[in-house]
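> Please find work06.txt (compact mmCIF, C-alpha atoms and all ligand atoms) on the next line:
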# COMPACT_ATOMS: atom_id res chain seq x y z
CA MET A 1 -55.03 -93.74 -12.10
CA ASN A 2 -53.19 -97.11 -12.18
CA ILE A 3 -54.15 -100.51 -10.85
CA GLY A 4 -52.16 -103.59 -9.77
CA ILE A 5 -53.26 -107.06 -8.64
CA ASP A 6 -51.54 -110.18 -7.31
CA ILE A 7 -52.58 -113.62 -6.13
CA GLU A 8 -50.38 -115.99 -4.08
CA GLU A 9 -50.65 -119.51 -2.68
CA VAL A 10 -50.49 -119.61 1.12
CA LYS A 11 -48.58 -122.92 1.29
CA ARG A 12 -45.40 -121.28 0.01
CA PHE A 13 -45.37 -119.03 3.06
CA ASN A 14 -45.89 -121.79 5.65
CA LYS A 15 -42.25 -122.77 5.34
CA TYR A 16 -41.03 -119.17 5.47
CA ILE A 17 -42.56 -118.57 8.92
CA LYS A 18 -39.59 -120.20 10.64
CA ASP A 19 -36.98 -118.59 8.39
CA LYS A 20 -36.25 -115.34 10.27
CA GLU A 21 -33.61 -114.28 7.77
CA TYR A 22 -36.00 -114.63 4.83
CA LEU A 23 -38.72 -112.78 6.73
CA ARG A 24 -36.41 -109.84 7.47
CA ARG A 25 -35.39 -109.62 3.81
CA ILE A 26 -38.97 -109.47 2.55
CA PHE A 27 -41.10 -107.98 5.33
CA SER A 28 -40.83 -104.88 7.51
CA LYS A 29 -40.68 -105.33 11.28
CA GLU A 30 -44.25 -103.97 11.50
CA GLU A 31 -45.47 -106.61 9.02
CA ILE A 32 -43.72 -109.38 10.96
CA PHE A 33 -44.98 -108.04 14.30
CA TYR A 34 -48.57 -107.95 12.96
CA SER A 35 -48.57 -111.31 11.18
CA LEU A 36 -46.41 -113.78 13.11
CA PRO A 37 -48.41 -113.98 16.38
CA LYS A 38 -51.62 -114.74 14.47
CA LYS A 39 -53.06 -118.25 14.16
CA ASN A 40 -53.05 -117.95 10.35
CA ALA A 41 -49.70 -116.14 10.15
CA ALA A 42 -48.85 -117.54 6.70
CA GLN A 43 -52.02 -115.99 5.25
CA HIS A 44 -51.21 -112.56 6.68
CA LEU A 45 -47.65 -112.72 5.39
CA ALA A 46 -48.73 -114.06 1.99
CA VAL A 47 -51.30 -111.32 1.53
CA ARG A 48 -48.74 -108.67 2.45
CA PHE A 49 -46.40 -110.11 -0.14
CA ALA A 50 -49.24 -110.02 -2.69
CA ALA A 51 -49.96 -106.40 -1.74
CA LYS A 52 -46.30 -105.44 -2.31
CA GLU A 53 -46.48 -107.01 -5.77
CA ALA A 54 -49.77 -105.26 -6.51
CA VAL A 55 -48.31 -101.92 -5.41
CA TRP A 56 -45.27 -102.54 -7.58
CA LYS A 57 -47.49 -103.26 -10.61
CA ALA A 58 -49.56 -100.15 -9.98
CA LEU A 59 -46.49 -97.95 -9.55
CA ILE A 60 -44.33 -99.32 -12.33
CA ALA A 61 -46.35 -97.35 -14.86
CA LYS A 62 -45.23 -94.27 -12.96
CA ASN A 63 -41.58 -95.33 -13.23
CA LYS A 64 -41.13 -95.75 -9.50
CA LYS A 65 -38.19 -98.00 -8.72
CA LEU A 66 -39.02 -100.18 -5.74
CA THR A 67 -37.75 -103.28 -4.00
CA VAL A 68 -39.91 -105.59 -1.96
CA ILE A 69 -38.60 -104.30 1.39
CA ASP A 70 -39.37 -100.67 0.44
CA VAL A 71 -43.10 -101.41 0.62
CA SER A 72 -44.75 -102.13 3.98
CA ILE A 73 -48.43 -102.82 4.55
CA GLN A 74 -49.63 -101.65 7.96
CA ASN A 75 -53.18 -101.66 9.25
CA ASP A 76 -54.67 -98.56 10.80
CA TRP A 77 -56.81 -98.50 13.97
CA ASP A 78 -59.89 -99.99 12.25
CA GLY A 79 -58.00 -102.70 10.38
CA LYS A 80 -57.77 -100.96 7.01
CA PRO A 81 -54.42 -101.70 5.36
CA GLN A 82 -52.26 -98.69 4.51
CA VAL A 83 -49.25 -98.50 2.23
CA TYR A 84 -45.90 -97.25 3.53
CA ILE A 85 -43.02 -96.71 1.13
CA LYS A 86 -39.60 -96.28 2.68
CA ASN A 87 -41.28 -95.75 6.08
CA LYS A 88 -43.57 -92.99 4.83
CA LYS A 89 -47.34 -93.38 4.59
CA TYR A 90 -48.31 -93.14 0.93
CA LYS A 91 -51.82 -91.72 0.88
CA LYS A 92 -52.18 -91.86 -2.88
CA ILE A 93 -52.25 -95.66 -2.94
CA ASP A 94 -55.14 -97.76 -1.74
CA VAL A 95 -54.86 -101.51 -1.19
CA SER A 96 -57.47 -104.12 -0.45
CA LEU A 97 -56.56 -107.60 0.84
CA SER A 98 -58.41 -110.88 1.15
CA HIS A 99 -57.32 -114.36 2.23
CA THR A 100 -58.51 -117.95 2.47
CA ASP A 101 -56.69 -121.09 3.63
CA LYS A 102 -55.24 -121.62 0.16
CA TYR A 103 -55.05 -118.29 -1.64
CA VAL A 104 -54.54 -114.62 -0.94
CA VAL A 105 -55.30 -111.72 -3.22
CA ALA A 106 -54.44 -108.03 -3.14
CA VAL A 107 -55.39 -105.09 -5.31
CA ALA A 108 -53.67 -101.70 -5.36
CA ILE A 109 -54.86 -98.48 -6.90
CA VAL A 110 -52.68 -95.41 -7.34
CA PHE A 111 -54.53 -92.14 -7.68
C1 LIG B 201 -63.22 -106.57 7.82
C2 LIG B 201 -63.87 -107.64 6.94
C3 LIG B 201 -64.34 -106.99 5.65
C4 LIG B 201 -62.85 -108.74 6.63
O1 LIG B 201 -63.41 -109.66 5.72
P1 LIG B 201 -63.20 -111.24 5.83
O2 LIG B 201 -63.98 -111.91 4.77
O3 LIG B 201 -63.42 -111.64 7.25
O4 LIG B 201 -61.64 -111.46 5.58
P2 LIG B 201 -60.76 -111.18 4.26
O5 LIG B 201 -59.74 -112.24 4.22
O6 LIG B 201 -61.60 -110.99 3.04
O7 LIG B 201 -60.12 -109.77 4.57
C5 LIG B 201 -59.17 -109.64 5.60
C6 LIG B 201 -58.48 -108.33 5.36
O8 LIG B 201 -59.44 -107.28 5.37
C7 LIG B 201 -58.73 -106.08 5.60
N1 LIG B 201 -59.53 -105.20 6.47
C8 LIG B 201 -59.80 -105.37 7.77
N2 LIG B 201 -60.53 -104.33 8.23
C9 LIG B 201 -60.69 -103.48 7.18
C10 LIG B 201 -61.33 -102.20 7.02
N3 LIG B 201 -61.94 -101.58 8.03
N4 LIG B 201 -61.30 -101.61 5.81
C11 LIG B 201 -60.65 -102.21 4.77
N5 LIG B 201 -60.03 -103.42 4.86
C12 LIG B 201 -60.04 -104.04 6.06
C13 LIG B 201 -57.41 -106.44 6.25
O9 LIG B 201 -56.38 -106.12 5.34
C14 LIG B 201 -57.52 -107.95 6.44
O10 LIG B 201 -56.30 -108.65 6.23
P3 LIG B 201 -55.07 -108.48 7.25
O11 LIG B 201 -55.58 -108.68 8.64
O12 LIG B 201 -54.09 -109.55 6.82
O13 LIG B 201 -54.54 -107.09 7.01
C15 LIG B 201 -65.08 -108.31 7.67
O14 LIG B 201 -64.63 -108.90 8.85
C16 LIG B 201 -66.21 -107.35 7.94
O15 LIG B 201 -66.28 -106.68 8.96
N6 LIG B 201 -67.16 -107.31 7.03
C17 LIG B 201 -68.28 -106.45 7.15
C18 LIG B 201 -69.45 -107.24 6.69
C19 LIG B 201 -70.54 -106.31 6.22
O16 LIG B 201 -70.91 -105.36 6.88
N7 LIG B 201 -71.04 -106.62 5.05
C20 LIG B 201 -72.00 -105.79 4.42
C21 LIG B 201 -71.52 -105.48 3.04
S1 LIG B 201 -72.42 -104.20 2.32
When written as structure tokens, how does the structure in this file appear?
Ligand SMILES: CC(C)(COP(=O)(O)OP(=O)(O)OC[C@H]1O[C@@H](n2cnc3c(N)ncnc32)[C@H](O)[C@@H]1OP(=O)(O)O)[C@@H](O)C(=O)NCCC(=O)NCCS

Amino acid sequence: MNIGIDIEEVKRFNKYIKDKEYLRRIFSKEEIFYSLPKKNAAQHLAVRFAAKEAVWKALIAKNKKLTVIDVSIQNDWDGKPQVYIKNKKYKKIDVSLSHTDKYVVAVAIVF
């Protein structure tokens, strides 16, 4: 089992909201579709970025080569975030996300 964690400041992501090119480089269309319409869009984007970093940390020990756009965090029907890698649901990784106005945090565990 491996674990990864990441914390990010939300304010960094406030300016990215309007930068469509940046968003497309970092986030999947599902992540953008989920986050952008929300009142606190920057928090949802920031926490997805943190989750990608956490997944990367958890997987690096397994020698998985990943870029930020390879990892997509998508919520299932009850809101639980799921990890997709290269468009495929990765059932052996669990992530948990939390956000406030200022900070977001994400933890990933690889079984
Ligand atoms: C879902 C819930 C946990 C979210 O908590 P919150 O403090 O409002 O918000 P947080 O910022 O900590 O967490 C938000 C994230 O929780 C995650 N989440 C939502 N539903 C979830 C679920 N069913 N399972 C796991 N994670 C979930 C999502 O990733 C969400 O972020 P996202 O929308 O950007 O993807 C909360 O609304 C809830 O229902 N709590 C239950 C309270 C309770 O029964 N407490 C008793 C404890 S024993």
> May I ask you to write as a ChimeraX atom specification all residues lying at most 7 Å from ligand LIG 201 (chain B), with only C-alpha atoms and all ligand atoms counted?
/A:43-44,47-48,75,78-81,96-100
> For a cutoff of 10 Å around the file-coordinate point (-50.0, -122.1, -6.7), which residues qualify once you count only C-alpha atoms? I'd like the result as a ChimeraX atom specification.
/A:7-12,102-103
> Ranking A:Gln82, A:Asn2, A:Asn87, A:Ser72 by minimum distance to Ile60 (chain A) and counting all atoms listed in the file, which one comes first?
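When distances to Ile60 (chain A) are compared using all atoms listed in the file, the smallest one comes from A:Asn2.
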> Which of these, A:Val110, A:Val55, A:Ile26, A:Ile73, has the shortest distance to Ile93 (chain A) once you count all atoms listed in the file?
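Of all the options, A:Val110 lies closest to Ile93 (chain A).
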> Would you pick out the contacts of region 49-54 of chain A at 7 Å or less, using all atoms listed in the file, so that residues sharing its chain but fewer than 2 positions from it are not included, and give the list as a short mmCIF file (atom, residue, chain, number, x, y, z; two decimals) with C-alpha atoms, keeping the file's coordinate frame?

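To be explicit, this is the file written out as part-v2.cif:
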data_model
loop_
_atom_site.label_atom_id
_atom_site.label_comp_id
_atom_site.auth_asym_id
_atom_site.auth_seq_id
_atom_site.Cartn_x
_atom_site.Cartn_y
_atom_site.Cartn_z
CA GLY A 4 -52.16 -103.59 -9.77
CA ILE A 5 -53.26 -107.06 -8.64
CA ASP A 6 -51.54 -110.18 -7.31
CA ILE A 7 -52.58 -113.62 -6.13
CA GLU A 8 -50.38 -115.99 -4.08
CA LEU A 45 -47.65 -112.72 5.39
CA ALA A 46 -48.73 -114.06 1.99
CA VAL A 47 -51.30 -111.32 1.53
CA TRP A 56 -45.27 -102.54 -7.58
CA LYS A 57 -47.49 -103.26 -10.61
CA ALA A 58 -49.56 -100.15 -9.98
CA VAL A 68 -39.91 -105.59 -1.96
CA VAL A 71 -43.10 -101.41 0.62
CA VAL A 95 -54.86 -101.51 -1.19
CA VAL A 105 -55.30 -111.72 -3.22
CA ALA A 106 -54.44 -108.03 -3.14
CA VAL A 107 -55.39 -105.09 -5.31
CA ALA A 108 -53.67 -101.70 -5.36
#
> For Asp94 (chain A), which residue out of A:Lys15, A:Ser35, A:Arg24, A:Ile3 is the nearest one, using all atoms listed in the file?
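Residue with the minimum atom-to-atom distance to Asp94 (chain A): A:Ile3.
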> For a quick check of understanding, using all atoms listed in the file, which of A:Ile109, A:Ile32, A:Val104, A:Leu59 has the smallest distance to Ile17 (chain A)?
A:Ile32
> To one decimal in Å, tell me the separation between CA of Asn14 (chain A) and CA of Ala42 (chain A).
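Taking CA of Asn14 (chain A) as the start and CA of Ala42 (chain A) as the end point, the length is 5.3 Å.
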> Can you tell me how far CA of Leu23 (chain A) sits from CA of Lys88 (chain A), in Å to one decimal?
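A separation of 20.5 Å between them.
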> Take CA of Asp70 (chain A) and CA of Lys20 (chain A) and report the distance between them in Å, one decimal.
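The value is 17.9 Å.
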> Using only C-alpha atoms, which of the listed residues (A:Ile85, A:Ile69, A:Tyr90, A:Ala41) sits closest to Tyr22 (chain A)?
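Of all the options, A:Ile69 lies closest to Tyr22 (chain A).
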